[in-house]
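What follows is protein-v6.csv (CSV, C-alpha atoms and all ligand atoms).
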chain,number,residue,atom,x,y,z
A,1,MET,CA,27.9,56.8,101.3
A,2,ASN,CA,29.6,60.0,102.2
A,3,PRO,CA,30.7,59.7,105.9
A,4,ARG,CA,30.4,63.4,106.4
A,5,SER,CA,27.5,65.2,108.0
A,6,PRO,CA,24.6,65.5,105.5
A,7,ASP,CA,23.3,68.7,107.1
A,8,THR,CA,25.8,71.1,105.4
A,9,LEU,CA,25.1,71.1,101.7
A,10,TYR,CA,26.9,72.5,98.7
A,11,GLY,CA,26.3,71.9,95.1
A,12,ILE,CA,26.4,72.9,91.5
A,13,ILE,CA,23.4,74.0,89.4
A,14,GLY,CA,23.3,74.0,85.6
A,15,HIS,CA,21.4,72.7,82.6
A,16,PRO,CA,22.4,70.4,81.0
A,17,LEU,CA,24.8,69.6,83.8
A,18,GLY,CA,27.4,67.6,82.0
A,19,HIS,CA,30.2,65.9,83.9
A,20,SER,CA,31.7,68.4,86.3
A,21,LEU,CA,34.9,68.2,88.3
A,22,SER,CA,33.6,70.6,91.0
A,23,PRO,CA,32.1,67.8,93.2
A,24,LEU,CA,35.5,66.0,93.2
A,25,LEU,CA,37.4,69.2,94.1
A,26,HIS,CA,35.2,70.4,96.9
A,27,ASN,CA,34.5,67.0,98.5
A,28,TRP,CA,38.3,66.4,98.4
A,29,GLY,CA,38.7,69.7,100.3
A,30,PHE,CA,36.1,68.9,102.9
A,31,GLU,CA,37.7,65.6,103.6
A,32,LEU,CA,41.3,67.0,103.6
A,33,LEU,CA,40.4,69.8,106.0
A,34,ASN,CA,38.0,67.6,108.1
A,35,LEU,CA,35.1,70.0,107.5
A,36,ASP,CA,31.4,69.1,107.5
A,37,GLY,CA,29.9,69.3,104.1
A,38,VAL,CA,28.9,67.3,101.1
A,39,TYR,CA,28.9,68.8,97.5
A,40,LEU,CA,26.3,67.5,95.1
A,41,ALA,CA,25.4,67.9,91.4
A,42,TRP,CA,22.0,69.4,91.0
A,43,PRO,CA,20.8,69.5,87.3
A,44,LEU,CA,18.3,72.4,87.2
A,45,GLU,CA,16.0,73.5,84.3
A,46,PRO,CA,15.9,77.2,83.7
A,47,GLU,CA,12.3,77.7,84.8
A,48,LYS,CA,13.1,76.0,88.2
A,49,LEU,CA,15.7,78.6,89.2
A,50,PRO,CA,13.4,80.7,91.4
A,51,ASP,CA,12.2,77.5,93.2
A,52,PHE,CA,15.9,76.5,93.7
A,53,LEU,CA,16.6,79.8,95.4
A,54,THR,CA,13.6,79.2,97.7
A,55,ALA,CA,15.1,75.8,98.6
A,56,ALA,CA,18.6,77.4,99.1
A,57,ARG,CA,17.0,79.8,101.6
A,58,THR,CA,15.1,77.0,103.4
A,59,LEU,CA,17.5,74.0,103.4
A,60,PRO,CA,21.0,74.0,105.0
A,61,ILE,CA,22.6,74.9,101.6
A,62,ARG,CA,25.8,76.8,102.4
A,63,GLY,CA,27.2,77.4,99.0
A,64,VAL,CA,26.4,76.9,95.3
A,65,SER,CA,28.4,76.9,92.1
A,66,VAL,CA,26.4,78.3,89.2
A,67,THR,CA,26.9,77.4,85.6
A,68,ILE,CA,25.2,77.7,82.2
A,69,PRO,CA,22.4,78.8,81.7
A,70,HIS,CA,21.8,80.3,85.2
A,71,LYS,CA,24.9,82.6,85.5
A,72,GLN,CA,23.0,85.7,84.4
A,73,ALA,CA,19.5,84.8,85.3
A,74,VAL,CA,20.4,84.4,89.0
A,75,LEU,CA,21.5,88.0,89.6
A,76,PRO,CA,18.0,89.6,90.3
A,77,LEU,CA,17.1,86.7,92.7
A,78,LEU,CA,20.0,87.5,95.2
A,79,ASP,CA,20.2,89.9,98.2
A,80,ARG,CA,23.6,91.2,97.1
A,81,VAL,CA,25.9,90.9,94.1
A,82,SER,CA,29.6,91.9,94.2
A,83,GLY,CA,30.8,94.8,92.0
A,84,ARG,CA,33.0,92.4,90.1
A,85,ALA,CA,30.1,90.0,89.3
A,86,ARG,CA,28.0,93.1,88.2
A,87,LYS,CA,30.8,94.1,85.9
A,88,VAL,CA,31.0,90.6,84.3
A,89,GLY,CA,27.2,90.4,84.2
A,90,ALA,CA,27.4,86.9,85.6
A,91,VAL,CA,27.5,85.1,89.0
A,92,ASN,CA,29.2,81.7,89.3
A,93,THR,CA,29.1,81.4,93.1
A,94,LEU,CA,26.4,81.8,95.8
A,95,TYR,CA,27.4,82.2,99.4
A,96,TRP,CA,25.9,83.5,102.6
A,97,ASP,CA,27.0,86.6,104.4
A,98,GLY,CA,24.9,86.5,107.6
A,99,LYS,CA,21.3,86.3,106.4
A,100,ASP,CA,22.1,87.7,102.9
A,101,LEU,CA,22.4,85.3,100.0
A,102,CYS,CA,25.2,86.8,97.9
A,103,GLY,CA,26.6,86.4,94.4
A,104,GLU,CA,30.2,86.5,93.3
A,105,ASN,CA,32.2,85.7,90.2
A,106,THR,CA,35.3,83.7,90.9
A,107,ASP,CA,36.0,83.0,87.2
A,108,VAL,CA,37.7,86.4,87.0
A,109,PRO,CA,40.4,85.8,89.7
A,110,GLY,CA,40.6,82.2,88.4
A,111,PHE,CA,41.4,83.5,84.9
A,112,LEU,CA,43.9,86.0,86.2
A,113,ALA,CA,45.8,83.6,88.5
A,114,PRO,CA,48.2,82.3,85.8
A,115,LEU,CA,48.8,85.8,84.5
A,116,ARG,CA,49.8,87.4,87.8
A,117,GLY,CA,52.9,89.7,87.6
A,118,ARG,CA,52.7,89.8,83.8
A,119,THR,CA,51.9,92.8,81.6
A,120,PHE,CA,50.6,92.6,78.0
A,121,ALA,CA,50.2,95.3,75.3
A,122,GLU,CA,47.4,93.6,73.3
A,123,ALA,CA,45.1,90.7,73.7
A,124,LEU,CA,43.1,88.7,71.2
A,125,VAL,CA,40.0,86.8,72.7
A,126,LEU,CA,38.5,84.0,70.7
A,127,GLY,CA,34.8,83.5,71.6
A,128,ALA,CA,32.1,85.6,73.0
A,129,GLY,CA,30.2,83.4,75.4
A,130,GLY,CA,30.0,83.3,79.2
A,131,ALA,CA,33.7,82.5,79.7
A,132,ALA,CA,34.7,85.4,77.4
A,133,ARG,CA,32.8,87.8,79.6
A,134,ALA,CA,35.0,86.8,82.6
A,135,VAL,CA,38.1,87.1,80.4
A,136,LEU,CA,37.2,90.6,79.3
A,137,ALA,CA,36.6,91.7,82.9
A,138,GLY,CA,39.9,90.1,83.9
A,139,LEU,CA,41.8,91.9,81.1
A,140,ALA,CA,40.3,95.2,82.2
A,141,GLU,CA,41.5,94.5,85.8
A,142,LEU,CA,44.9,93.6,84.4
A,143,GLY,CA,45.0,96.9,82.5
A,144,VAL,CA,45.7,95.4,79.1
A,145,PRO,CA,45.5,98.6,76.9
A,146,ARG,CA,44.1,97.0,73.7
A,147,VAL,CA,41.8,94.1,73.4
A,148,ARG,CA,40.4,92.6,70.2
A,149,LEU,CA,37.6,90.1,70.2
A,150,THR,CA,36.4,87.7,67.6
A,151,ASN,CA,33.5,85.2,67.4
A,152,ARG,CA,31.9,82.8,64.9
A,153,THR,CA,28.7,84.9,65.3
A,154,ALA,CA,29.8,88.5,64.5
A,155,ALA,CA,26.9,90.2,66.2
A,156,ARG,CA,27.7,88.6,69.6
A,157,ALA,CA,31.3,89.8,69.3
A,158,ARG,CA,30.2,93.3,68.5
A,159,GLU,CA,27.8,93.5,71.5
A,160,LEU,CA,30.4,92.1,74.0
A,161,ALA,CA,33.2,94.2,72.6
A,162,ALA,CA,31.1,97.4,72.9
A,163,GLU,CA,30.2,96.5,76.5
A,164,PHE,CA,33.9,96.1,77.5
A,165,GLY,CA,35.5,98.8,75.3
A,166,ALA,CA,37.2,96.1,73.1
A,167,GLU,CA,37.4,96.0,69.3
A,168,ALA,CA,35.4,93.3,67.4
A,169,ILE,CA,37.1,91.8,64.3
A,170,PRO,CA,35.7,89.3,61.8
A,171,TRP,CA,36.1,85.6,62.6
A,172,GLU,CA,37.6,84.9,59.2
A,173,GLU,CA,40.3,87.5,59.8
A,174,ARG,CA,41.4,86.3,63.2
A,175,ALA,CA,45.2,86.1,63.7
A,176,ALA,CA,47.6,86.7,66.5
A,177,GLU,CA,49.4,89.5,64.6
A,178,GLY,CA,50.0,92.4,67.0
A,179,ALA,CA,48.9,90.5,70.1
A,180,ASP,CA,51.1,89.2,72.8
A,181,LEU,CA,48.3,87.4,74.6
A,182,VAL,CA,45.8,85.1,72.8
A,183,ILE,CA,43.0,83.4,74.7
A,184,ASN,CA,40.8,80.6,73.5
A,185,ALA,CA,37.4,81.2,75.3
A,186,GLY,CA,35.4,78.8,73.2
A,187,PRO,CA,34.9,75.1,73.0
A,188,LEU,CA,37.1,74.2,70.0
A,189,GLY,CA,39.6,71.5,71.2
A,190,MET,CA,37.4,70.2,74.0
A,191,ARG,CA,37.0,66.5,74.5
A,192,GLY,CA,34.0,65.3,72.6
A,193,GLU,CA,32.7,66.7,69.3
A,194,HIS,CA,35.4,69.5,69.1
A,195,GLU,CA,38.4,67.5,70.1
A,196,GLY,CA,41.4,68.0,67.8
A,197,GLU,CA,40.0,71.3,66.5
A,198,THR,CA,41.6,74.7,67.1
A,199,PRO,CA,40.4,78.3,66.8
A,200,LEU,CA,43.9,79.4,65.6
A,201,THR,CA,46.3,77.4,63.5
A,202,ARG,CA,50.0,77.7,63.6
A,203,GLU,CA,50.4,80.0,60.6
A,204,ARG,CA,48.1,82.5,62.3
A,205,PHE,CA,50.5,82.9,65.2
A,206,SER,CA,53.3,85.5,64.5
A,207,GLY,CA,55.8,87.2,66.8
A,208,ARG,CA,56.0,86.0,70.4
A,209,GLY,CA,53.5,85.9,73.2
A,210,LEU,CA,51.4,83.8,75.6
A,211,ALA,CA,48.7,81.5,74.3
A,212,TYR,CA,46.1,80.7,77.0
A,213,ASP,CA,43.5,78.0,76.5
A,214,LEU,CA,40.5,78.0,78.9
A,215,VAL,CA,39.8,74.4,77.9
A,216,TYR,CA,41.2,71.9,80.4
A,217,ASN,CA,40.0,68.6,79.1
A,218,PRO,CA,42.3,67.6,77.4
A,219,LEU,CA,45.0,69.6,79.1
A,220,ARG,CA,47.1,69.7,76.0
A,221,THR,CA,44.9,71.0,73.2
A,222,ARG,CA,45.8,71.5,69.5
A,223,PHE,CA,45.5,75.3,70.1
A,224,LEU,CA,48.4,75.1,72.7
A,225,ALA,CA,50.4,72.6,70.6
A,226,GLU,CA,50.3,74.9,67.5
A,227,ALA,CA,51.1,78.0,69.6
A,228,GLU,CA,54.1,76.2,71.1
A,229,ALA,CA,55.3,75.1,67.6
A,230,ALA,CA,55.2,78.8,66.7
A,231,GLY,CA,57.4,79.6,69.6
A,232,TRP,CA,54.7,80.9,72.0
A,233,GLU,CA,54.5,80.3,75.7
A,234,THR,CA,51.4,78.5,76.8
A,235,ARG,CA,48.9,78.1,79.7
A,236,ASP,CA,46.2,75.5,80.0
A,237,GLY,CA,42.8,75.9,81.6
A,238,LEU,CA,43.3,73.8,84.7
A,239,SER,CA,44.9,76.6,86.8
A,240,MET,CA,41.8,78.7,86.1
A,241,PHE,CA,39.5,75.9,87.1
A,242,VAL,CA,41.5,75.2,90.3
A,243,GLU,CA,41.7,78.9,91.3
A,244,GLN,CA,38.0,79.6,90.7
A,245,GLY,CA,37.2,76.6,92.9
A,246,ARG,CA,39.7,77.6,95.6
A,247,ALA,CA,38.1,81.1,95.7
A,248,GLN,CA,34.6,79.5,96.1
A,249,PHE,CA,35.9,77.2,98.9
A,250,ARG,CA,37.4,80.3,100.7
A,251,LEU,CA,34.0,82.1,100.5
A,252,TRP,CA,32.1,79.1,101.8
A,253,THR,CA,34.5,77.9,104.6
A,254,GLY,CA,37.1,80.7,105.2
A,255,ARG,CA,39.7,78.0,104.6
A,256,GLU,CA,42.4,77.5,101.9
A,257,LEU,CA,42.6,74.5,99.6
A,258,PRO,CA,46.2,73.7,98.7
A,259,ALA,CA,46.6,74.6,95.1
A,260,ASP,CA,49.2,71.9,94.2
A,261,GLY,CA,47.1,69.1,95.9
A,262,ALA,CA,44.0,70.3,94.1
A,263,ARG,CA,45.8,70.3,90.7
A,264,GLU,CA,47.0,66.7,91.4
A,265,VAL,CA,43.6,65.4,92.3
A,266,LEU,CA,42.1,66.9,89.1
A,267,ARG,CA,45.0,65.8,86.9
A,268,ALA,CA,44.4,62.2,88.2
A,269,ALA,CA,40.7,62.5,87.4
A,270,LEU,CA,41.5,63.7,83.9
A,271,GLY,CA,44.0,60.9,83.4
A,272,VAL,CA,47.0,63.1,82.9
B,1,LIG,P1,29.4,79.3,75.9
B,1,LIG,O1,28.8,80.4,76.7
B,1,LIG,O2,28.5,78.2,75.4
B,1,LIG,O3,30.2,80.0,74.7
B,1,LIG,C1,30.4,79.3,73.6
B,1,LIG,C2,31.2,80.2,72.7
B,1,LIG,O4,31.9,79.4,71.8
B,1,LIG,C3,30.4,81.2,71.8
B,1,LIG,O5,31.2,82.3,71.6
B,1,LIG,C4,30.2,80.4,70.5
B,1,LIG,O6,30.1,81.1,69.3
B,1,LIG,C5,31.5,79.6,70.5
B,1,LIG,N1,31.4,78.4,69.7
B,1,LIG,C6,30.6,77.4,69.9
B,1,LIG,N2,30.7,76.4,69.0
B,1,LIG,C7,31.7,76.9,68.1
B,1,LIG,C8,32.2,76.4,66.9
B,1,LIG,N3,31.9,75.2,66.4
B,1,LIG,N4,33.1,77.2,66.2
B,1,LIG,C9,33.5,78.4,66.7
B,1,LIG,N5,33.0,78.9,67.9
B,1,LIG,C10,32.1,78.2,68.5
B,1,LIG,O7,30.5,78.5,76.8
B,1,LIG,P2,31.5,79.2,77.9
B,1,LIG,O8,30.9,78.9,79.2
B,1,LIG,O9,31.8,80.5,77.4
B,1,LIG,O10,32.7,78.2,77.8
B,1,LIG,C11,33.6,78.2,76.7
B,1,LIG,C12,34.8,77.4,77.0
B,1,LIG,O11,35.5,77.9,78.1
B,1,LIG,C13,34.6,75.9,77.3
B,1,LIG,O12,35.5,75.2,76.6
B,1,LIG,C14,34.7,75.8,78.7
B,1,LIG,O13,35.1,74.5,79.1
B,1,LIG,C15,35.8,76.8,79.0
B,1,LIG,N6,35.7,77.3,80.4
B,1,LIG,C16,36.8,77.0,81.2
B,1,LIG,C17,36.8,77.4,82.5
B,1,LIG,C18,38.0,77.1,83.4
B,1,LIG,O14,37.9,77.2,84.6
B,1,LIG,N7,39.1,76.7,82.8
B,1,LIG,C19,35.7,78.2,83.0
B,1,LIG,C20,34.7,78.5,82.1
B,1,LIG,C21,34.7,78.0,80.8
B,1,LIG,P3,28.7,81.6,68.8
B,1,LIG,O15,28.3,82.8,69.4
B,1,LIG,O16,28.9,81.7,67.3
B,1,LIG,O17,27.7,80.4,69.1

Any chance you could put this one into structure tokens?
Ligand code: NAP
Amino acid sequence: MNPRSPDTLYGIIGHPLGHSLSPLLHNWGFELLNLDGVYLAWPLEPEKLPDFLTAARTLPIRGVSVTIPHKQAVLPLLDRVSGRARKVGAVNTLYWDGKDLCGENTDVPGFLAPLRGRTFAEALVLGAGGAARAVLAGLAELGVPRVRLTNRTAARARELAAEFGAEAIPWEERAAEGADLVINAGPLGMRGEHEGETPLTRERFSGRGLAYDLVYNPLRTRFLAEAEAAGWETRDGLSMFVEQGRAQFRLWTGRELPADGAREVLRAALGV
């Protein structure tokens, strides 16, 4: 039993809602900072989203993390949506501002956190799903002048590239050549059916740059290992996860979660 007050609720909605580290992160934060609140996992089928919003407006639900497949569908159901979330076309956080239920996208600042203070001439993005949308919005904020995008399904790459002023290239021709930042925004390498796979093998890395994997379980993916073997610098996906969560916590409570402590808690849960 959670010893905290059950009348301040937070949670995550998604379908299917696989194992999520968000409850661990936020419940750790409430405990650490001695705040009321319990964060729960709420699996939610797509057709139940409007009912959930009614519940959120009725029950003492103070904040919600939103994941697949609700990130886009939730937009029209909110009182206000931030400019950044509109640009991404997706909301991953619900919070209250007075009586207004608002939507924000904290994946973008999460993605940007490990890139602060850096500049890049050309980025290659691998994947065209929900995470890639946040990546493209982040690269626009960072002012990366040239962005190439590739995806297994070419039509999705073309659509997303057109929306963000990027250039779509065929999946078969993907290579780091010309890029100084390469981002894996797809599931290859994730624990489970894609573990041990990579969207870019060593011989497709040339020159020097930064390889950034959004996957964080495992932390050390084959993509990062092959990039490192080719002499590239690397970033794993845990910082993004920590920073998107810290930004949510700030919106909900006005308080700061310590980044190092959060990373340690999550590393322990991941067994690394
Ligand atoms: P998604 O919307 O389901 O996107 C899936 C993308 O992966 C699509 O572009 C899809 O291509 C591609 N894909 C799926 N299976 C593939 C395969 N076998 N070979 C090649 N491409 C394949 O998922 P998402 O939300 O964007 O998440 C993508 C990844 O980012 C996941 O690993 C997730 O854990 C990670 N992520 C990390 C964070 C973080 O905080 N670090 C946040 C969000 C997401 P098609 O169009 O061809 O199907």

**Complete:** Pairwise distance, atom CA of Val135 of chain A with atom CA of Leu21 of chain A, equals 20.7 Å

**Item:** Spatial neighbours of segment 216-223 of chain A, 12 Å, only C-alpha atoms, chain gap at least 2 places, as a ChimeraX atom specification
**Value:** /A:19-21,126,182-192,194-205,210-214,225-230,232-242,263,266-272

**Request:** Rounded to one decimal place, report the atom CA of Gly165 of chain A-atom CA of Thr93 of chain A distance in Å.
**Result:**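 Taking atom CA of Gly165 of chain A and atom CA of Thr93 of chain A, their separation equals 25.7 Å.
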
**Closest of A:Ala157, A:Ala113, A:Val125, A:Ile13 to Val74 of chain A - atom-to-atom distances counting only C-alpha atoms** =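 Between A:Ala157, A:Ala113, A:Val125, A:Ile13, the residue approaching Val74 of chain A most closely is A:Ile13.
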
**Prompt:** How many Å separate atom CA of Pro170 of chain A from atom CA of Arg152 of chain A?
**Reply:** 8.1 Å

**Prompt:** Taking all atoms listed in the file into account, which of A:Ala56, A:Leu160, A:Thr119, A:Arg133 comes nearest Lys99 of chain A?
**Reply:**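 Of the candidates, the smallest distance to Lys99 of chain A is held by A:Ala56.
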
**Message:** Set the distance at 9 Å and use only C-alpha atoms: which residues neighbour Leu124 of chain A once local chain neighbours fewer than 4 positions away are removed? I'd like the list as an MDAnalysis selection string.
**Reply:** chainID A and resid 146:150 174:176 178:184

**Which of A:Ala132, A:Leu77, A:Leu257, A:Ala90 sits closest to ligand LIG 1 (chain B) [using only C-alpha atoms and all ligand atoms]** =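 Distance minimum relative to ligand LIG 1 (chain B) lands on A:Ala132.
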
**Request:** Considering all atoms listed in the file, return as a PyMOL selection string whatever protein or nucleic-acid residues lie within 8 Å of Arg80 of chain A, sequence-local ones (same chain, fewer than 2 positions apart) excluded.
**Result:** chain A and resi 78+82+100-103

**Item:** For Trp96 of chain A: contacts at 12 Å, only C-alpha atoms, fewer than 5 positions along chain excluded, given as a list in words
**Value:** Tyr10, Ala56, Arg57, Pro60, Ile61, Arg62, Gly63, Val64, Leu78, Asp79, Arg80, Val81, Leu101, Cys102, Gly103, Glu104, Gln248, Leu251, Trp252, Thr253 and Gly254 of chain A

**Asked** Looking at all atoms listed in the file, which of A:Ala134, A:Leu115, A:Leu59, A:Ala154 is the one that sits closest to Ala85 of chain A?
**Response**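 Closest residue, counting all atoms listed in the file: A:Ala134.
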
**Request:** Just the residues within 12 Å of Ala137 of chain A, please, counting all atoms listed in the file, with nothing from its chain fewer than 4 positions along; format it as a PyMOL selection string.
**Result:** chain A and resi 83-90+105-112+125+130-133+141-144+147+160-161+163-166

**Prompt:** Which residue out of A:Ala262, A:Val91, A:Glu177, A:Ala73 has the minimum interatomic distance to Ser206 of chain A when all atoms listed in the file are used?
**Reply:** A:Glu177

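Nearest to Ala168 of chain A of all the residues A:Leu40, A:Leu17, A:Ala155, A:Ile68 is A:Ala155, counting all atoms listed in the file.
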